[in-house]
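Asks: Have a peek at upload.tsv (TSV, N, CA and C atoms).
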chain	number	residue	atom	x	y	z
A	15	MET	N	105.54	115.86	109.14
A	15	MET	CA	106.26	114.60	109.23
A	15	MET	C	107.75	114.85	109.16
A	16	SER	N	108.49	113.98	109.80
A	16	SER	CA	109.94	114.12	109.74
A	16	SER	C	110.52	113.25	108.64
A	17	ALA	N	111.72	113.58	108.24
A	17	ALA	CA	112.40	112.82	107.20
A	17	ALA	C	112.79	111.45	107.74
A	18	LEU	N	112.97	110.52	106.84
A	18	LEU	CA	113.38	109.18	107.23
A	18	LEU	C	114.84	109.18	107.66
A	19	SER	N	115.15	108.36	108.66
A	19	SER	CA	116.54	108.26	109.10
A	19	SER	C	117.37	107.55	108.04
A	20	PRO	N	118.67	107.84	107.99
A	20	PRO	CA	119.52	107.20	106.98
A	20	PRO	C	119.47	105.67	106.96
A	21	PRO	N	119.46	104.98	108.13
A	21	PRO	CA	119.39	103.51	108.06
A	21	PRO	C	118.07	103.01	107.45
A	22	VAL	N	116.97	103.68	107.76
A	22	VAL	CA	115.68	103.28	107.20
A	22	VAL	C	115.66	103.55	105.71
A	23	LEU	N	116.19	104.68	105.30
A	23	LEU	CA	116.27	105.02	103.89
A	23	LEU	C	117.13	104.02	103.12
A	24	MET	N	118.28	103.65	103.69
A	24	MET	CA	119.15	102.67	103.05
A	24	MET	C	118.48	101.31	102.95
A	25	LEU	N	117.74	100.91	103.97
A	25	LEU	CA	117.02	99.64	103.93
A	25	LEU	C	115.99	99.66	102.82
A	26	GLY	N	115.26	100.76	102.70
A	26	GLY	CA	114.26	100.89	101.64
A	26	GLY	C	114.88	100.82	100.26
A	27	ILE	N	115.97	101.52	100.07
A	27	ILE	CA	116.66	101.50	98.77
A	27	ILE	C	117.17	100.11	98.46
A	28	THR	N	117.76	99.45	99.46
A	28	THR	CA	118.26	98.08	99.27
A	28	THR	C	117.14	97.14	98.87
A	29	LEU	N	116.00	97.23	99.56
A	29	LEU	CA	114.87	96.37	99.23
A	29	LEU	C	114.37	96.64	97.81
A	30	LEU	N	114.30	97.90	97.41
A	30	LEU	CA	113.86	98.22	96.05
A	30	LEU	C	114.82	97.67	95.00
A	31	VAL	N	116.11	97.77	95.27
A	31	VAL	CA	117.10	97.22	94.33
A	31	VAL	C	116.93	95.71	94.22
A	32	LEU	N	116.74	95.04	95.36
A	32	LEU	CA	116.57	93.58	95.34
A	32	LEU	C	115.29	93.16	94.62
A	33	VAL	N	114.19	93.87	94.86
A	33	VAL	CA	112.93	93.55	94.18
A	33	VAL	C	113.07	93.76	92.68
A	34	ASN	N	113.75	94.82	92.28
A	34	ASN	CA	113.93	95.08	90.85
A	34	ASN	C	114.85	94.05	90.20
A	35	LEU	N	115.87	93.61	90.91
A	35	LEU	CA	116.72	92.54	90.40
A	35	LEU	C	115.93	91.24	90.25
A	36	TRP	N	115.13	90.91	91.26
A	36	TRP	CA	114.28	89.73	91.22
A	36	TRP	C	113.31	89.80	90.04
A	37	THR	N	112.73	90.97	89.83
A	37	THR	CA	111.80	91.17	88.72
A	37	THR	C	112.49	90.99	87.38
A	38	LEU	N	113.64	91.61	87.22
A	38	LEU	CA	114.40	91.49	85.97
A	38	LEU	C	114.74	90.03	85.67
A	39	LEU	N	115.25	89.33	86.67
A	39	LEU	CA	115.61	87.93	86.48
A	39	LEU	C	114.39	87.05	86.20
A	40	SER	N	113.26	87.38	86.80
A	40	SER	CA	112.04	86.61	86.57
A	40	SER	C	111.54	86.79	85.14
A	41	PHE	N	111.58	88.02	84.63
A	41	PHE	CA	111.19	88.26	83.23
A	41	PHE	C	112.13	87.52	82.28
A	42	ARG	N	113.44	87.59	82.57
A	42	ARG	CA	114.41	86.90	81.73
A	42	ARG	C	114.17	85.38	81.75
A	43	ASP	N	113.93	84.85	82.94
A	43	ASP	CA	113.69	83.42	83.09
A	43	ASP	C	112.41	83.01	82.35
A	44	ASP	N	111.36	83.82	82.46
A	44	ASP	CA	110.11	83.51	81.78
A	44	ASP	C	110.30	83.51	80.27
A	45	LYS	N	111.07	84.48	79.76
A	45	LYS	CA	111.34	84.53	78.32
A	45	LYS	C	112.11	83.28	77.88
A	46	GLN	N	113.10	82.88	78.64
A	46	GLN	CA	113.86	81.68	78.30
A	46	GLN	C	112.97	80.43	78.33
A	47	ARG	N	112.08	80.36	79.31
A	47	ARG	CA	111.14	79.24	79.39
A	47	ARG	C	110.22	79.23	78.18
A	48	ALA	N	109.78	80.40	77.76
A	48	ALA	CA	108.89	80.50	76.60
A	48	ALA	C	109.58	79.99	75.35
A	49	VAL	N	110.83	80.37	75.18
A	49	VAL	CA	111.60	79.94	74.00
A	49	VAL	C	111.78	78.42	74.00
A	50	ARG	N	112.04	77.86	75.18
A	50	ARG	CA	112.25	76.42	75.29
A	50	ARG	C	110.94	75.62	75.29
A	51	GLY	N	109.82	76.30	75.49
A	51	GLY	CA	108.54	75.61	75.56
A	51	GLY	C	108.29	74.99	76.93
A	52	ASP	N	108.99	75.46	77.95
A	52	ASP	CA	108.83	74.95	79.31
A	52	ASP	C	107.67	75.64	80.02
A	53	ARG	N	107.38	75.14	81.21
A	53	ARG	CA	106.34	75.74	82.04
A	53	ARG	C	106.74	77.17	82.39
A	54	ARG	N	105.78	78.09	82.29
A	54	ARG	CA	106.05	79.52	82.42
A	54	ARG	C	105.80	80.04	83.83
A	55	ILE	N	106.33	81.21	84.08
A	55	ILE	CA	106.04	81.94	85.31
A	55	ILE	C	104.67	82.59	85.12
A	56	LEU	N	103.81	82.48	86.12
A	56	LEU	CA	102.47	83.05	86.00
A	56	LEU	C	102.53	84.56	85.80
A	57	GLU	N	101.65	85.07	84.95
A	57	GLU	CA	101.59	86.53	84.74
A	57	GLU	C	101.29	87.25	86.03
A	58	LYS	N	100.44	86.67	86.86
A	58	LYS	CA	100.11	87.35	88.12
A	58	LYS	C	101.34	87.46	89.02
A	59	THR	N	102.26	86.51	88.93
A	59	THR	CA	103.51	86.60	89.70
A	59	THR	C	104.36	87.76	89.20
A	60	LEU	N	104.47	87.90	87.89
A	60	LEU	CA	105.23	89.01	87.32
A	60	LEU	C	104.59	90.35	87.69
A	61	LEU	N	103.27	90.41	87.68
A	61	LEU	CA	102.58	91.64	88.05
A	61	LEU	C	102.74	91.95	89.54
A	62	TRP	N	102.73	90.93	90.39
A	62	TRP	CA	102.94	91.15	91.82
A	62	TRP	C	104.35	91.71	92.07
A	63	LEU	N	105.33	91.20	91.33
A	63	LEU	CA	106.68	91.73	91.47
A	63	LEU	C	106.72	93.21	91.11
A	64	ALA	N	106.00	93.58	90.07
A	64	ALA	CA	105.91	95.00	89.70
A	64	ALA	C	105.22	95.78	90.81
A	65	LEU	N	104.14	95.23	91.34
A	65	LEU	CA	103.35	95.92	92.35
A	65	LEU	C	104.16	96.20	93.62
A	66	ILE	N	105.04	95.28	94.01
A	66	ILE	CA	105.80	95.49	95.24
A	66	ILE	C	107.06	96.32	95.03
A	67	GLY	N	107.20	96.90	93.84
A	67	GLY	CA	108.30	97.84	93.61
A	67	GLY	C	109.17	97.54	92.40
A	68	GLY	N	108.88	96.46	91.69
A	68	GLY	CA	109.71	96.09	90.56
A	68	GLY	C	109.28	96.67	89.22
A	69	THR	N	108.45	97.68	89.23
A	69	THR	CA	107.95	98.26	87.99
A	69	THR	C	109.06	98.76	87.05
A	70	PRO	N	110.07	99.49	87.56
A	70	PRO	CA	111.12	99.92	86.63
A	70	PRO	C	111.80	98.75	85.92
A	71	ALA	N	112.09	97.69	86.65
A	71	ALA	CA	112.72	96.52	86.05
A	71	ALA	C	111.77	95.82	85.09
A	72	ALA	N	110.48	95.81	85.40
A	72	ALA	CA	109.51	95.16	84.51
A	72	ALA	C	109.48	95.87	83.16
A	73	PHE	N	109.43	97.19	83.16
A	73	PHE	CA	109.41	97.93	81.90
A	73	PHE	C	110.74	97.76	81.15
A	74	PHE	N	111.84	97.78	81.88
A	74	PHE	CA	113.15	97.59	81.25
A	74	PHE	C	113.24	96.18	80.64
A	75	ALA	N	112.84	95.18	81.41
A	75	ALA	CA	112.95	93.79	80.95
A	75	ALA	C	112.07	93.52	79.74
A	76	ARG	N	110.90	94.13	79.69
A	76	ARG	CA	110.01	93.93	78.54
A	76	ARG	C	110.72	94.37	77.26
A	77	GLN	N	111.41	95.48	77.31
A	77	GLN	CA	112.10	95.96	76.12
A	77	GLN	C	113.40	95.19	75.87
A	78	ARG	N	114.14	94.94	76.93
A	78	ARG	CA	115.45	94.27	76.80
A	78	ARG	C	115.30	92.86	76.25
A	79	PHE	N	114.31	92.12	76.75
A	79	PHE	CA	114.13	90.72	76.34
A	79	PHE	C	113.03	90.55	75.30
A	80	ARG	N	112.42	91.67	74.88
A	80	ARG	CA	111.30	91.65	73.93
A	80	ARG	C	110.26	90.61	74.38
A	81	HIS	N	109.81	90.82	75.61
A	81	HIS	CA	108.93	89.85	76.24
A	81	HIS	C	107.69	90.53	76.80
A	82	LYS	N	106.54	90.04	76.42
A	82	LYS	CA	105.24	90.54	76.88
A	82	LYS	C	105.02	92.01	76.52
A	83	THR	N	105.56	92.44	75.40
A	83	THR	CA	105.40	93.84	75.00
A	83	THR	C	104.04	94.12	74.39
A	84	ARG	N	103.40	93.11	73.81
A	84	ARG	CA	102.08	93.31	73.20
A	84	ARG	C	101.01	92.46	73.87
A	85	LYS	N	101.35	91.82	74.95
A	85	LYS	CA	100.44	90.91	75.64
A	85	LYS	C	99.39	91.70	76.42
A	86	GLU	N	98.12	91.44	76.10
A	86	GLU	CA	97.02	92.07	76.83
A	86	GLU	C	96.24	90.99	77.58
A	87	PRO	N	95.73	91.27	78.74
A	87	PRO	CA	95.69	92.57	79.43
A	87	PRO	C	96.94	92.86	80.27
A	88	PHE	N	97.96	92.03	80.17
A	88	PHE	CA	99.18	92.21	80.97
A	88	PHE	C	99.73	93.63	80.85
A	89	SER	N	99.85	94.14	79.63
A	89	SER	CA	100.42	95.48	79.43
A	89	SER	C	99.58	96.55	80.12
A	90	THR	N	98.28	96.44	80.01
A	90	THR	CA	97.40	97.41	80.65
A	90	THR	C	97.53	97.35	82.16
A	91	TYR	N	97.56	96.15	82.73
A	91	TYR	CA	97.71	96.01	84.18
A	91	TYR	C	99.04	96.60	84.65
A	92	LEU	N	100.11	96.35	83.90
A	92	LEU	CA	101.41	96.88	84.28
A	92	LEU	C	101.41	98.40	84.24
A	93	GLN	N	100.77	98.98	83.23
A	93	GLN	CA	100.68	100.44	83.15
A	93	GLN	C	99.84	101.00	84.29
A	94	LEU	N	98.76	100.32	84.66
A	94	LEU	CA	97.93	100.76	85.78
A	94	LEU	C	98.72	100.72	87.09
A	95	ILE	N	99.48	99.66	87.29
A	95	ILE	CA	100.32	99.56	88.49
A	95	ILE	C	101.28	100.73	88.54
A	96	ALA	N	101.92	101.04	87.41
A	96	ALA	CA	102.87	102.15	87.36
A	96	ALA	C	102.19	103.48	87.67
A	97	MET	N	101.01	103.69	87.12
A	97	MET	CA	100.30	104.95	87.38
A	97	MET	C	99.92	105.09	88.86
A	98	VAL	N	99.46	104.01	89.47
A	98	VAL	CA	99.12	104.05	90.89
A	98	VAL	C	100.37	104.34	91.72
A	99	GLN	N	101.48	103.69	91.38
A	99	GLN	CA	102.72	103.93	92.12
A	99	GLN	C	103.19	105.37	91.99
A	100	VAL	N	103.10	105.93	90.80
A	100	VAL	CA	103.48	107.33	90.61
A	100	VAL	C	102.58	108.23	91.45
A	101	GLY	N	101.29	107.92	91.49
A	101	GLY	CA	100.36	108.70	92.30
A	101	GLY	C	100.68	108.61	93.79
A	102	VAL	N	100.99	107.42	94.26
A	102	VAL	CA	101.33	107.23	95.67
A	102	VAL	C	102.63	107.98	96.01
A	103	ILE	N	103.63	107.84	95.15
A	103	ILE	CA	104.90	108.52	95.40
A	103	ILE	C	104.69	110.03	95.38
A	104	GLY	N	103.89	110.52	94.41
A	104	GLY	CA	103.59	111.95	94.36
A	104	GLY	C	102.85	112.42	95.60
A	105	GLY	N	101.88	111.61	96.04
A	105	GLY	CA	101.14	111.97	97.26
A	105	GLY	C	102.02	112.00	98.49
A	106	LEU	N	102.92	111.02	98.60
A	106	LEU	CA	103.84	111.01	99.74
A	106	LEU	C	104.78	112.21	99.67
A	107	GLY	N	105.28	112.50	98.48
A	107	GLY	CA	106.14	113.66	98.32
A	107	GLY	C	105.43	114.96	98.70
A	108	TRP	N	104.18	115.04	98.30
A	108	TRP	CA	103.38	116.22	98.61
A	108	TRP	C	103.18	116.35	100.12
A	109	SER	N	102.91	115.22	100.79
A	109	SER	CA	102.68	115.28	102.24
A	109	SER	C	103.96	115.59	103.00
A	110	PHE	N	105.12	115.10	102.52
A	110	PHE	CA	106.37	115.41	103.18
A	110	PHE	C	106.75	116.87	102.96
A	111	ALA	N	106.37	117.43	101.81
A	111	ALA	CA	106.71	118.82	101.50
A	111	ALA	C	105.85	119.80	102.31
A	112	ALA	N	104.68	119.35	102.69
A	112	ALA	CA	103.75	120.26	103.39
A	112	ALA	C	104.10	120.47	104.83
Kindly transcribe the structure held in the file into structure tokens.
Replies:
Amino acid sequence: MSALSPPVLMLGITLLVLVNLWTLLSFRDDKQRAVRGDRRILEKTLLWLALIGGTPAAFFARQRFRHKTRKEPFSTYLQLIAMVQVGVIGGLGWSFAA
């Protein structure tokens, strides 16, 4: 396989940054809603944001806002998503190296 072209690589990085920003803001917003007693963001929405690339922001936001750190099964699902993503990235790296 050939390496990705710079414009495609930049687009991918930009999308990842935007998804992580969206994820971070969503966790912050959900925490604020929880404190106020307002309607919350669905856990499945937060997990989908992690699944589409927002995992780093999800883990950061959990610690930064002290939000959903002990919530089960949310924590387990988030860790599973992270493990699958690491496996996929490792597999892609392995295939590009070969």
Asks: What's around segment 55-58 of chain A at 8 Å? Count all atoms listed in the file, leave out sequence neighbours fewer than 2 positions away in its own chain, and write the answer as a list of chain:residue names.
Replies: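 Once the adjacent positions are removed, what remains is A:Ser40, A:Asp43, A:Asp44, A:Lys45, A:Arg47, A:Ala48, A:Asp52, A:Arg53, A:Leu60, A:Leu61, A:Trp62, A:Leu63, A:Ala64, A:Phe88.
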Asks: Have a look at A:Pro87, A:Leu92, A:Phe41, A:Phe79 and name the one nearest to Leu65 of chain A; count only C-alpha atoms.
Replies: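 Answer, going by the shortest atom-to-atom distance: A:Leu92.
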Asks: Quick one, how far is atom CA of Lys85 of chain A from atom CA of Thr69 of chain A?
Replies: 16.2 Å
Asks: Let me have the centre and edge lengths in Å, one decimal, of the box along x, y and z around every listed atom of segment 61-77 of chain A with 8 Å of margin on each side, as JSON.
Replies:
{"center_x": 108.0, "center_y": 95.2, "center_z": 85.6, "size_x": 26.8, "size_y": 25.5, "size_z": 35.4}
Asks: State, in Å with one decimal place, the distance from atom CA of Gly68 of chain A to atom CA of Thr37 of chain A.
Replies: 5.7 Å
Asks: Atom C of Ala17 of chain A and atom N of Ser109 of chain A, how far apart in Å?
Replies: 12.7 Å
Asks: I need the residue nearest Gly26 of chain A from this list: A:Met97, A:Ala72, A:Ile66, A:Ala111. Use only C-alpha atoms for the distance.
Replies: A:Ile66
